[in-house]
file structure00.pdb (PDB, C-alpha atoms)
ATOM      1  CA  MET A   1      27.540  39.877 142.196
ATOM      2  CA  ASN A   2      27.348  42.164 139.149
ATOM      3  CA  GLY A   3      24.298  41.255 137.084
ATOM      4  CA  LYS A   4      22.728  39.197 139.877
ATOM      5  CA  CYS A   5      19.452  40.058 141.604
ATOM      6  CA  CYS A   6      18.913  39.497 145.336
ATOM      7  CA  LEU A   7      15.591  39.828 147.153
ATOM      8  CA  ILE A   8      15.814  40.284 150.918
ATOM      9  CA  THR A   9      12.810  40.242 153.232
ATOM     10  CA  GLY A  10      12.999  42.231 156.446
ATOM     11  CA  GLY A  11      15.309  44.559 154.543
ATOM     12  CA  SER A  12      14.453  47.848 156.216
ATOM     13  CA  ASP A  13      16.573  47.323 159.338
ATOM     14  CA  GLY A  14      18.748  44.909 161.281
ATOM     15  CA  ILE A  15      20.311  41.916 159.578
ATOM     16  CA  GLY A  16      18.323  42.398 156.383
ATOM     17  CA  LEU A  17      19.433  46.004 155.980
ATOM     18  CA  ALA A  18      23.070  45.109 156.661
ATOM     19  CA  ALA A  19      22.957  42.250 154.147
ATOM     20  CA  ALA A  20      21.293  44.464 151.532
ATOM     21  CA  ARG A  21      23.968  47.116 151.992
ATOM     22  CA  GLU A  22      26.822  44.621 151.607
ATOM     23  CA  LEU A  23      25.316  42.926 148.546
ATOM     24  CA  ALA A  24      24.761  46.339 146.969
ATOM     25  CA  HIS A  25      28.430  47.152 147.656
ATOM     26  CA  MET A  26      29.274  43.938 145.784
ATOM     27  CA  GLY A  27      27.349  45.151 142.740
ATOM     28  CA  ALA A  28      24.159  43.143 143.050
ATOM     29  CA  SER A  29      20.740  44.419 142.070
ATOM     30  CA  VAL A  30      18.936  44.441 145.418
ATOM     31  CA  VAL A  31      15.218  44.341 146.194
ATOM     32  CA  MET A  32      14.459  45.149 149.831
ATOM     33  CA  VAL A  33      11.116  44.069 151.273
ATOM     34  CA  GLY A  34       9.748  45.813 154.349
ATOM     35  CA  ARG A  35       6.418  46.300 156.079
ATOM     36  CA  ASN A  36       6.629  50.077 156.507
ATOM     37  CA  GLU A  37       6.858  51.929 153.188
ATOM     38  CA  ALA A  38       8.452  55.130 154.476
ATOM     39  CA  LYS A  39      11.081  53.244 156.485
ATOM     40  CA  THR A  40      11.881  50.817 153.672
ATOM     41  CA  ALA A  41      12.080  53.573 151.051
ATOM     42  CA  ALA A  42      14.440  55.568 153.274
ATOM     43  CA  ALA A  43      16.634  52.499 153.803
ATOM     44  CA  ALA A  44      16.821  51.817 150.054
ATOM     45  CA  ASN A  45      17.689  55.447 149.323
ATOM     46  CA  ARG A  46      20.381  55.422 151.994
ATOM     47  CA  ILE A  47      22.002  52.304 150.532
ATOM     48  CA  THR A  48      21.924  53.816 147.042
ATOM     49  CA  GLN A  49      23.703  56.921 148.349
ATOM     50  CA  GLU A  50      26.238  54.952 150.402
ATOM     51  CA  THR A  51      27.141  52.441 147.700
ATOM     52  CA  GLY A  52      26.576  54.337 144.482
ATOM     53  CA  ASN A  53      24.574  51.341 143.291
ATOM     54  CA  GLY A  54      21.586  52.572 141.298
ATOM     55  CA  SER A  55      19.975  49.111 141.213
ATOM     56  CA  VAL A  56      18.501  49.165 144.723
ATOM     57  CA  ARG A  57      14.725  49.170 144.984
ATOM     58  CA  TYR A  58      12.095  48.290 147.564
ATOM     59  CA  MET A  59       8.737  46.583 147.835
ATOM     60  CA  VAL A  60       6.229  46.671 150.680
ATOM     61  CA  ALA A  61       4.503  43.671 152.258
ATOM     62  CA  ASP A  62       3.393  42.364 155.635
ATOM     63  CA  LEU A  63       4.688  38.815 155.427
ATOM     64  CA  SER A  64       2.389  37.585 158.200
ATOM     65  CA  SER A  65      -0.484  38.105 155.737
ATOM     66  CA  GLN A  66      -0.859  35.455 153.061
ATOM     67  CA  ALA A  67      -2.646  37.918 150.784
ATOM     68  CA  ASP A  68       0.310  40.301 151.065
ATOM     69  CA  VAL A  69       2.787  37.482 150.371
ATOM     70  CA  ARG A  70       0.841  36.527 147.243
ATOM     71  CA  ARG A  71       0.705  40.155 146.101
ATOM     72  CA  LEU A  72       4.454  40.523 146.688
ATOM     73  CA  ALA A  73       5.238  37.329 144.771
ATOM     74  CA  ALA A  74       3.102  38.524 141.856
ATOM     75  CA  GLU A  75       4.860  41.910 141.870
ATOM     76  CA  VAL A  76       8.269  40.259 141.915
ATOM     77  CA  THR A  77       7.372  37.859 139.104
ATOM     78  CA  GLU A  78       5.926  40.637 136.951
ATOM     79  CA  SER A  79       8.715  43.185 137.452
ATOM     80  CA  ILE A  80      11.920  41.158 137.876
ATOM     81  CA  PRO A  81      13.125  39.048 134.935
ATOM     82  CA  ARG A  82      15.482  36.931 137.033
ATOM     83  CA  LEU A  83      16.074  36.168 140.710
ATOM     84  CA  ASP A  84      19.455  34.789 141.672
ATOM     85  CA  VAL A  85      19.149  34.937 145.456
ATOM     86  CA  LEU A  86      16.147  34.875 147.789
ATOM     87  CA  VAL A  87      16.958  35.726 151.412
ATOM     88  CA  ASN A  88      14.089  34.917 153.784
ATOM     89  CA  ASN A  89      14.936  37.026 156.796
ATOM     90  CA  ALA A  90      11.787  38.803 158.010
ATOM     91  CA  GLY A  91      10.778  37.565 161.431
ATOM     92  CA  ALA A  92       9.872  38.554 164.962
ATOM     93  CA  ALA A  93       9.324  37.202 168.447
ATOM     94  CA  PHE A  94       5.816  37.652 169.827
ATOM     95  CA  LEU A  95       5.865  37.031 173.565
ATOM     96  CA  SER A  96       2.080  37.110 173.934
ATOM     97  CA  ARG A  97      -0.456  34.985 172.081
ATOM     98  CA  ARG A  98      -1.570  36.657 168.850
ATOM     99  CA  ARG A  99      -3.370  35.692 165.659
ATOM    100  CA  SER A 100      -2.370  36.776 162.173
ATOM    101  CA  VAL A 101      -4.931  38.252 159.805
ATOM    102  CA  ASP A 102      -5.409  34.669 158.570
ATOM    103  CA  GLY A 103      -6.221  33.423 162.096
ATOM    104  CA  ILE A 104      -2.877  31.628 162.570
ATOM    105  CA  GLU A 105      -0.567  31.964 165.576
ATOM    106  CA  MET A 106       1.457  35.049 164.660
ATOM    107  CA  THR A 107       5.005  33.767 165.213
ATOM    108  CA  PHE A 108       4.372  30.668 163.090
ATOM    109  CA  ALA A 109       2.532  32.727 160.460
ATOM    110  CA  LEU A 110       5.348  35.240 160.008
ATOM    111  CA  ASN A 111       8.493  33.266 160.753
ATOM    112  CA  HIS A 112       7.619  30.032 158.969
ATOM    113  CA  LEU A 113       4.610  30.366 156.688
ATOM    114  CA  GLY A 114       5.936  33.661 155.337
ATOM    115  CA  TYR A 115       9.136  31.865 154.278
ATOM    116  CA  PHE A 116       7.247  28.867 152.945
ATOM    117  CA  LEU A 117       4.651  30.685 150.875
ATOM    118  CA  LEU A 118       6.944  33.304 149.361
ATOM    119  CA  THR A 119       9.562  30.707 148.439
ATOM    120  CA  THR A 120       6.993  28.354 146.973
ATOM    121  CA  LEU A 121       5.492  31.096 144.850
ATOM    122  CA  LEU A 122       8.916  32.168 143.553
ATOM    123  CA  LEU A 123      10.303  28.697 142.814
ATOM    124  CA  ASP A 124       9.557  28.901 139.106
ATOM    125  CA  LEU A 125      11.358  32.242 138.785
ATOM    126  CA  LEU A 126      14.312  30.921 140.775
ATOM    127  CA  GLY A 127      14.386  27.800 138.613
ATOM    128  CA  ARG A 128      14.455  29.868 135.411
ATOM    129  CA  SER A 129      17.336  31.882 136.902
ATOM    130  CA  SER A 130      19.408  28.885 138.020
ATOM    131  CA  PRO A 131      21.950  28.546 139.373
ATOM    132  CA  ALA A 132      20.094  30.337 142.153
ATOM    133  CA  ARG A 133      20.215  30.323 145.938
ATOM    134  CA  ILE A 134      17.664  30.367 148.756
ATOM    135  CA  VAL A 135      18.964  31.516 152.139
ATOM    136  CA  ASN A 136      16.724  31.051 155.182
ATOM    137  CA  VAL A 137      17.669  32.907 158.361
ATOM    138  CA  ALA A 138      16.959  30.627 161.329
ATOM    139  CA  SER A 139      18.388  30.693 164.860
ATOM    140  CA  ALA A 140      20.122  28.552 167.446
ATOM    141  CA  ALA A 141      16.842  28.994 169.340
ATOM    142  CA  HIS A 142      15.552  26.084 167.236
ATOM    143  CA  SER A 143      17.224  23.794 169.775
ATOM    144  CA  SER A 144      14.758  25.017 172.432
ATOM    145  CA  ALA A 145      11.673  23.791 170.548
ATOM    146  CA  GLY A 146      10.986  20.973 173.011
ATOM    147  CA  SER A 147       8.288  18.386 172.323
ATOM    148  CA  PHE A 148       5.224  19.462 170.354
ATOM    149  CA  ARG A 149       2.646  18.369 167.820
ATOM    150  CA  LEU A 150       2.791  19.902 164.362
ATOM    151  CA  GLU A 151      -0.956  20.389 164.276
ATOM    152  CA  ASP A 152      -0.732  22.627 167.366
ATOM    153  CA  LEU A 153       1.682  25.145 165.797
ATOM    154  CA  PRO A 154      -0.996  27.264 164.038
ATOM    155  CA  SER A 155      -3.082  27.610 167.210
ATOM    156  CA  PRO A 156      -2.424  30.562 169.559
ATOM    157  CA  GLU A 157      -4.210  28.661 172.322
ATOM    158  CA  LYS A 158      -1.785  25.745 172.092
ATOM    159  CA  CYS A 159       1.435  27.433 171.036
ATOM    160  CA  GLY A 160       2.679  30.901 171.917
ATOM    161  CA  GLY A 161       5.365  32.941 173.636
ATOM    162  CA  PHE A 162       9.092  32.358 173.331
ATOM    163  CA  ARG A 163       8.620  28.617 172.853
ATOM    164  CA  ALA A 164       6.694  29.435 169.674
ATOM    165  CA  TYR A 165       9.721  31.393 168.442
ATOM    166  CA  GLY A 166      12.046  28.420 168.921
ATOM    167  CA  ARG A 167       9.601  26.142 167.152
ATOM    168  CA  SER A 168       9.249  28.561 164.245
ATOM    169  CA  LYS A 169      13.030  28.583 163.862
ATOM    170  CA  LEU A 170      13.054  24.778 163.906
ATOM    171  CA  CYS A 171      10.459  24.950 161.135
ATOM    172  CA  ASN A 172      12.819  27.177 159.138
ATOM    173  CA  ILE A 173      15.449  24.449 159.251
ATOM    174  CA  LEU A 174      13.081  21.553 158.601
ATOM    175  CA  PHE A 175      11.692  23.520 155.644
ATOM    176  CA  THR A 176      15.184  24.208 154.296
ATOM    177  CA  TYR A 177      16.211  20.564 154.433
ATOM    178  CA  GLU A 178      12.996  19.382 152.792
ATOM    179  CA  LEU A 179      13.264  22.121 150.174
ATOM    180  CA  ALA A 180      16.827  21.076 149.365
ATOM    181  CA  ARG A 181      15.670  17.485 148.868
ATOM    182  CA  ARG A 182      12.850  18.558 146.562
ATOM    183  CA  LEU A 183      15.097  20.883 144.544
ATOM    184  CA  GLU A 184      17.910  18.387 144.076
ATOM    185  CA  GLY A 185      19.276  18.597 140.539
ATOM    186  CA  SER A 186      17.372  21.807 139.730
ATOM    187  CA  GLY A 187      20.307  24.199 140.067
ATOM    188  CA  VAL A 188      18.576  25.947 142.994
ATOM    189  CA  THR A 189      20.183  25.471 146.394
ATOM    190  CA  ALA A 190      18.690  26.024 149.851
ATOM    191  CA  ASN A 191      20.679  26.647 153.013
ATOM    192  CA  THR A 192      19.914  28.022 156.460
ATOM    193  CA  LEU A 193      21.870  29.722 159.206
ATOM    194  CA  HIS A 194      22.145  31.053 162.740
ATOM    195  CA  PRO A 195      23.250  34.715 162.549
ATOM    196  CA  GLY A 196      24.355  34.852 166.167
ATOM    197  CA  LEU A 197      22.845  36.907 168.980
ATOM    198  CA  VAL A 198      22.365  40.153 167.094
ATOM    199  CA  ARG A 199      21.384  43.610 168.355
ATOM    200  CA  THR A 200      18.103  44.062 166.490
ATOM    201  CA  ASN A 201      14.561  45.049 167.439
ATOM    202  CA  ILE A 202      13.271  41.492 167.128
ATOM    203  CA  ALA A 203      10.996  41.827 170.197
ATOM    204  CA  ARG A 204       9.755  45.349 169.421
ATOM    205  CA  ASN A 205       6.149  44.150 169.066
ATOM    206  CA  ASN A 206       5.816  43.387 172.776
ATOM    207  CA  GLY A 207       5.593  46.735 174.564
ATOM    208  CA  LEU A 208       7.684  47.257 177.702
ATOM    209  CA  LEU A 209       8.650  43.572 177.946
ATOM    210  CA  GLY A 210       9.881  43.653 174.357
ATOM    211  CA  ARG A 211      11.972  46.758 175.036
ATOM    212  CA  MET A 212      13.554  44.995 178.009
ATOM    213  CA  VAL A 213      14.324  41.907 175.903
ATOM    214  CA  ASN A 214      15.865  44.061 173.177
ATOM    215  CA  PHE A 215      17.937  45.926 175.787
ATOM    216  CA  PHE A 216      19.491  42.731 177.152
ATOM    217  CA  ILE A 217      20.097  41.428 173.624
ATOM    218  CA  GLY A 218      21.775  44.757 172.901
ATOM    219  CA  VAL A 219      24.101  44.364 175.866
ATOM    220  CA  ARG A 220      25.263  40.884 174.829
ATOM    221  CA  GLY A 221      24.709  40.838 171.090
ATOM    222  CA  VAL A 222      26.837  41.660 168.061
ATOM    223  CA  ASP A 223      25.945  44.415 165.616
ATOM    224  CA  ALA A 224      23.794  43.793 162.539
ATOM    225  CA  ALA A 225      26.752  43.931 160.139
ATOM    226  CA  LYS A 226      28.397  41.048 161.992
ATOM    227  CA  GLY A 227      25.085  39.174 162.092
ATOM    228  CA  ALA A 228      24.710  39.565 158.334
ATOM    229  CA  GLU A 229      28.103  38.071 157.463
ATOM    230  CA  THR A 230      26.870  34.498 157.082
ATOM    231  CA  VAL A 231      23.805  35.662 155.148
ATOM    232  CA  VAL A 232      26.035  37.447 152.632
ATOM    233  CA  TYR A 233      28.422  34.491 152.531
ATOM    234  CA  LEU A 234      25.613  32.095 151.598
ATOM    235  CA  ALA A 235      24.162  34.566 149.100
ATOM    236  CA  ALA A 236      27.391  35.423 147.305
ATOM    237  CA  SER A 237      30.403  33.245 148.056
ATOM    238  CA  PRO A 238      31.708  30.929 145.323
ATOM    239  CA  GLU A 239      32.784  28.598 148.139
ATOM    240  CA  VAL A 240      29.185  27.407 148.594
ATOM    241  CA  GLU A 241      28.263  27.182 144.912
ATOM    242  CA  GLY A 242      26.159  24.026 144.511
ATOM    243  CA  LEU A 243      26.131  23.276 148.248
ATOM    244  CA  THR A 244      22.638  22.680 149.588
ATOM    245  CA  GLY A 245      20.713  21.466 152.614
ATOM    246  CA  LYS A 246      23.195  22.763 155.230
ATOM    247  CA  TYR A 247      22.991  24.796 158.433
ATOM    248  CA  PHE A 248      25.669  27.465 158.915
ATOM    249  CA  GLU A 249      27.088  29.482 161.769
ATOM    250  CA  ASN A 250      29.993  31.921 161.420
ATOM    251  CA  ARG A 251      30.265  30.991 157.728
ATOM    252  CA  ARG A 252      30.798  27.315 158.524
ATOM    253  CA  ALA A 253      28.469  24.367 158.054
ATOM    254  CA  VAL A 254      27.671  22.961 161.499
ATOM    255  CA  PRO A 255      25.181  20.383 162.804
ATOM    256  CA  SER A 256      21.699  21.582 163.720
ATOM    257  CA  SER A 257      19.594  19.873 166.393
ATOM    258  CA  ALA A 258      18.858  16.156 166.114
ATOM    259  CA  LEU A 259      15.140  16.846 165.648
ATOM    260  CA  SER A 260      15.832  19.081 162.645
ATOM    261  CA  TYR A 261      17.079  16.040 160.687
ATOM    262  CA  ASP A 262      13.787  14.165 161.064
ATOM    263  CA  ALA A 263      12.834  13.771 157.387
ATOM    264  CA  GLU A 264       9.346  12.503 158.188
ATOM    265  CA  LEU A 265       8.680  15.531 160.392
ATOM    266  CA  ALA A 266       9.954  17.823 157.618
ATOM    267  CA  SER A 267       7.688  16.163 155.065
ATOM    268  CA  ASP A 268       4.700  16.427 157.398
ATOM    269  CA  LEU A 269       5.501  20.114 158.028
ATOM    270  CA  TRP A 270       5.534  20.706 154.270
ATOM    271  CA  LYS A 271       2.107  19.091 153.929
ATOM    272  CA  LEU A 272       0.723  21.126 156.844
ATOM    273  CA  SER A 273       2.140  24.312 155.344
ATOM    274  CA  GLU A 274       0.518  23.533 151.997
ATOM    275  CA  ARG A 275      -2.832  23.010 153.676
ATOM    276  CA  LEU A 276      -2.533  26.277 155.593
ATOM    277  CA  THR A 277      -1.436  28.360 152.604
ATOM    278  CA  GLN A 278      -3.113  26.496 149.740
ATOM    279  CA  PRO A 279      -0.438  27.466 147.207
ATOM    280  CA  SER A 280      -1.170  27.342 143.501
ATOM    281  CA  GLU A 281      -1.836  23.875 142.140
ATOM    282  CA  GLY A 282       1.340  21.991 141.385
ATOM    283  CA  MET A 283       3.630  24.300 143.374
ATOM    284  CA  GLY A 284       6.053  22.226 145.398
ATOM    285  CA  GLU A 285       4.293  18.968 144.586
ATOM    286  CA  ASN A 286       6.316  17.980 141.516
ATOM    287  CA  ARG A 287       9.763  18.596 142.908
ATOM    288  CA  HIS A 288      10.498  15.280 144.595
TER     289      HIS A 288
END

call {"tool": "encode", "arguments": {"input": "structure00.pdb", "output": "structure tokens"}}
result
Amino acid sequence: MNGKCCLITGGSDGIGLAAARELAHMGASVVMVGRNEAKTAAAANRITQETGNGSVRYMVADLSSQADVRRLAAEVTESIPRLDVLVNNAGAAFLSRRRSVDGIEMTFALNHLGYFLLTTLLLDLLGRSSPARIVNVASAAHSSAGSFRLEDLPSPEKCGGFRAYGRSKLCNILFTYELARRLEGSGVTANTLHPGLVRTNIARNNGLLGRMVNFFIGVRGVDAAKGAETVVYLAASPEVEGLTGKYFENRRAVPSSALSYDAELASDLWKLSERLTQPSEGMGENRH
């Protein structure tokens, strides 16, 4: 990974931190994105000390805020000449109904629209850096999405709780497959993955209930380093060079849910996401 630049969202702890550490060990230039500046700075400094890699830096953004995503994308574009790997990892489970600063159901805003908008805004940079890779961290929870209407996903009144988490993870996969179709022949690949049941603080935003959920995940889950293995594999391995539009688990391509292969649903999700984020004119529309 010497000479390659990797940007990892949710890089201050958990899977993102573990992936950043491993990619830094491999010689990559790593940009870690976190919401809390002090925590993210400390994580970046710790990785620099542990790996001896002086090309580890951090940026701060709340990826549930579209304004913050746009500011982050502008900062990346202005300060990084090339981007070889984008890892969309930042996410959370909100067990109560919440709105983002943009008035959108919080789980959908962070877990899906954060991926969609940041990726869309960085597509030109990724294209100029090709061959480049996009890695979207999803979850086996996508299989629990159940029946729903796309237009209900942004509404806290109509979609919330753990079911919203599963649906947001389904959106990650639908987005990845549609993105891969649109990027075909560009030299930029897009793949997604289930990291396993990982001991992270994914439910930390939910008070006592969240602490209980995290406790039981901790009892059954694997550590973050194990959870990051497939992320690092998709970001760095020559075995997946040129491979795109796949869902991975334990470093193997496996089938995702039947609903995730619905190309019409994926296309409609893309259109909904464009309407909700209003990306710059032309972004994502000329890559069919």

call {"tool": "closest_residue", "arguments": {"input": "structure00.pdb", "among": "A:Arg82, A:Arg181, A:Arg71, A:His25", "to": "Gly127 of chain A", "atoms": "all atoms listed in the file"}}
result
A:Arg82

call {"tool": "resolve_selection", "arguments": {"input": "structure00.pdb", "expression": "the PyMOL selection byres ((chain A and resi 119) around 10)", "output": "list of chain:residue names"}}
result
A:Val69, A:Ala73, A:Leu86, A:Val87, A:Asn88, A:Leu113, A:Gly114, A:Tyr115, A:Phe116, A:Leu117, A:Leu118, A:Thr120, A:Leu121, A:Leu122, A:Leu123, A:Asp124, A:Leu125, A:Leu126, A:Ile134, A:Asn136, A:Leu179, A:Gly284

call {"tool": "atom_distance", "arguments": {"input": "structure00.pdb", "atom1": "atom CA of Ala224 of chain A", "atom2": "atom CA of Gly14 of chain A"}}
result
5.3 Å

call {"tool": "closest_residue", "arguments": {"input": "structure00.pdb", "among": "A:Ser65, A:Thr107, A:Asn2, A:Thr230", "to": "Gly16 of chain A", "atoms": "all atoms listed in the file"}}
result
A:Thr230

call {"tool": "residues_around", "arguments": {"input": "structure00.pdb", "residues": "Ala132 of chain A", "least_positions_apart": "5", "cutoff": "10 Å", "atoms": "all atoms listed in the file", "output": "list of chain:residue names"}}
result
A:Lys4, A:Cys5, A:Cys6, A:Arg82, A:Leu83, A:Asp84, A:Val85, A:Leu86, A:Leu123, A:Leu125, A:Leu126, A:Gly127, A:Ser186, A:Gly187, A:Val188, A:Thr189, A:Ala190, A:Ala235, A:Glu241, A:Gly242

call {"tool": "resolve_selection", "arguments": {"input": "structure00.pdb", "expression": "the PyMOL selection byres ((chain A and resi 277) around 9)", "output": "CSV table (one decimal) with C-alpha atoms, in the frame of the given file"}}
result
chain,number,residue,atom,x,y,z
A,66,GLN,CA,-0.9,35.5,153.1
A,113,LEU,CA,4.6,30.4,156.7
A,116,PHE,CA,7.2,28.9,152.9
A,117,LEU,CA,4.7,30.7,150.9
A,272,LEU,CA,0.7,21.1,156.8
A,273,SER,CA,2.1,24.3,155.3
A,274,GLU,CA,0.5,23.5,152.0
A,275,ARG,CA,-2.8,23.0,153.7
A,276,LEU,CA,-2.5,26.3,155.6
A,278,GLN,CA,-3.1,26.5,149.7
A,279,PRO,CA,-0.4,27.5,147.2

call {"tool": "residues_around", "arguments": {"input": "structure00.pdb", "residues": "Arg97 of chain A", "least_positions_apart": "2", "cutoff": "8 Å", "atoms": "all atoms listed in the file", "output": "compact mmCIF listing (two decimals) with C-alpha atoms, keeping the file's coordinate frame"}}
result
# COMPACT_ATOMS: atom_id res chain seq x y z
CA PHE A 94 5.82 37.65 169.83
CA LEU A 95 5.86 37.03 173.56
CA ARG A 99 -3.37 35.69 165.66
CA GLU A 105 -0.57 31.96 165.58
CA MET A 106 1.46 35.05 164.66
CA PRO A 156 -2.42 30.56 169.56
CA GLU A 157 -4.21 28.66 172.32
CA CYS A 159 1.44 27.43 171.04
CA GLY A 160 2.68 30.90 171.92
CA GLY A 161 5.36 32.94 173.64

call {"tool": "residues_around", "arguments": {"input": "structure00.pdb", "residues": "Asp262 of chain A", "least_positions_apart": "3", "cutoff": "10 Å", "atoms": "only C-alpha atoms", "output": "list in words"}}
result
Leu174, Tyr177, Glu178, Ser257, Ala258, Leu259, Leu265, Ala266 and Ser267 of chain A

call {"tool": "write_last_selection", "arguments": {"input": "structure00.pdb", "atoms": "C-alpha atoms", "output": "mmCIF file, in the coordinates of the input"}}
result
data_model
loop_
_atom_site.group_PDB
_atom_site.id
_atom_site.type_symbol
_atom_site.label_atom_id
_atom_site.label_comp_id
_atom_site.auth_asym_id
_atom_site.auth_seq_id
_atom_site.Cartn_x
_atom_site.Cartn_y
_atom_site.Cartn_z
ATOM 1 C CA LEU A 174 13.081 21.553 158.601
ATOM 2 C CA TYR A 177 16.211 20.564 154.433
ATOM 3 C CA GLU A 178 12.996 19.382 152.792
ATOM 4 C CA SER A 257 19.594 19.873 166.393
ATOM 5 C CA ALA A 258 18.858 16.156 166.114
ATOM 6 C CA LEU A 259 15.140 16.846 165.648
ATOM 7 C CA LEU A 265 8.680 15.531 160.392
ATOM 8 C CA ALA A 266 9.954 17.823 157.618
ATOM 9 C CA SER A 267 7.688 16.163 155.065
#

call {"tool": "closest_residue", "arguments": {"input": "structure00.pdb", "among": "A:Ile173, A:Met59, A:Ala74, A:Ala236", "to": "Ala38 of chain A", "atoms": "all atoms listed in the file"}}
result
A:Met59

call {"tool": "atom_distance", "arguments": {"input": "structure00.pdb", "atom1": "atom CA of Ala19 of chain A", "atom2": "atom CA of Ala61 of chain A"}}
result
18.6 Å

call {"tool": "residues_around", "arguments": {"input": "structure00.pdb", "residues": "Ile47 of chain A", "least_positions_apart": "6", "cutoff": "9 Å", "atoms": "all atoms listed in the file", "output": "number ranges by chain"}}
result
A: 17, 20-21, 24-25, 53, 56

call {"tool": "residues_around", "arguments": {"input": "structure00.pdb", "residues": "Ala253 of chain A", "least_positions_apart": "2", "cutoff": "12 Å", "atoms": "all atoms listed in the file", "output": "list of chain:residue names"}}
result
A:Asn191, A:Thr192, A:Leu193, A:His194, A:Thr230, A:Tyr233, A:Leu234, A:Glu239, A:Val240, A:Leu243, A:Thr244, A:Gly245, A:Lys246, A:Tyr247, A:Phe248, A:Glu249, A:Asn250, A:Arg251, A:Pro255, A:Ser256

call {"tool": "closest_residue", "arguments": {"input": "structure00.pdb", "among": "A:Ala263, A:Met32, A:Ser100, A:Ala90", "to": "Ala180 of chain A", "atoms": "all atoms listed in the file"}}
result
A:Ala263

call {"tool": "axis_aligned_box", "arguments": {"input": "structure00.pdb", "around": "segment 93-106 of chain A", "padding_each_side": "4 Å", "output": "AutoDock Vina command-line options"}}
result
--center_x 1.6 --center_y 34.9 --center_z 166.3 --size_x 23.5 --size_y 14.6 --size_z 23.4

call {"tool": "atom_distance", "arguments": {"input": "structure00.pdb", "atom1": "atom CA of Ala228 of chain A", "atom2": "atom CA of Arg252 of chain A"}}
result
13.7 Å

call {"tool": "closest_residue", "arguments": {"input": "structure00.pdb", "among": "A:Ser168, A:Ser237, A:Phe175, A:Arg163", "to": "Ser96 of chain A", "atoms": "all atoms listed in the file"}}
result
A:Arg163

call {"tool": "closest_residue", "arguments": {"input": "structure00.pdb", "among": "A:Ser129, A:Ser64, A:Asn89, A:Ser12", "to": "Ala44 of chain A", "atoms": "all atoms listed in the file"}}
result
A:Ser12
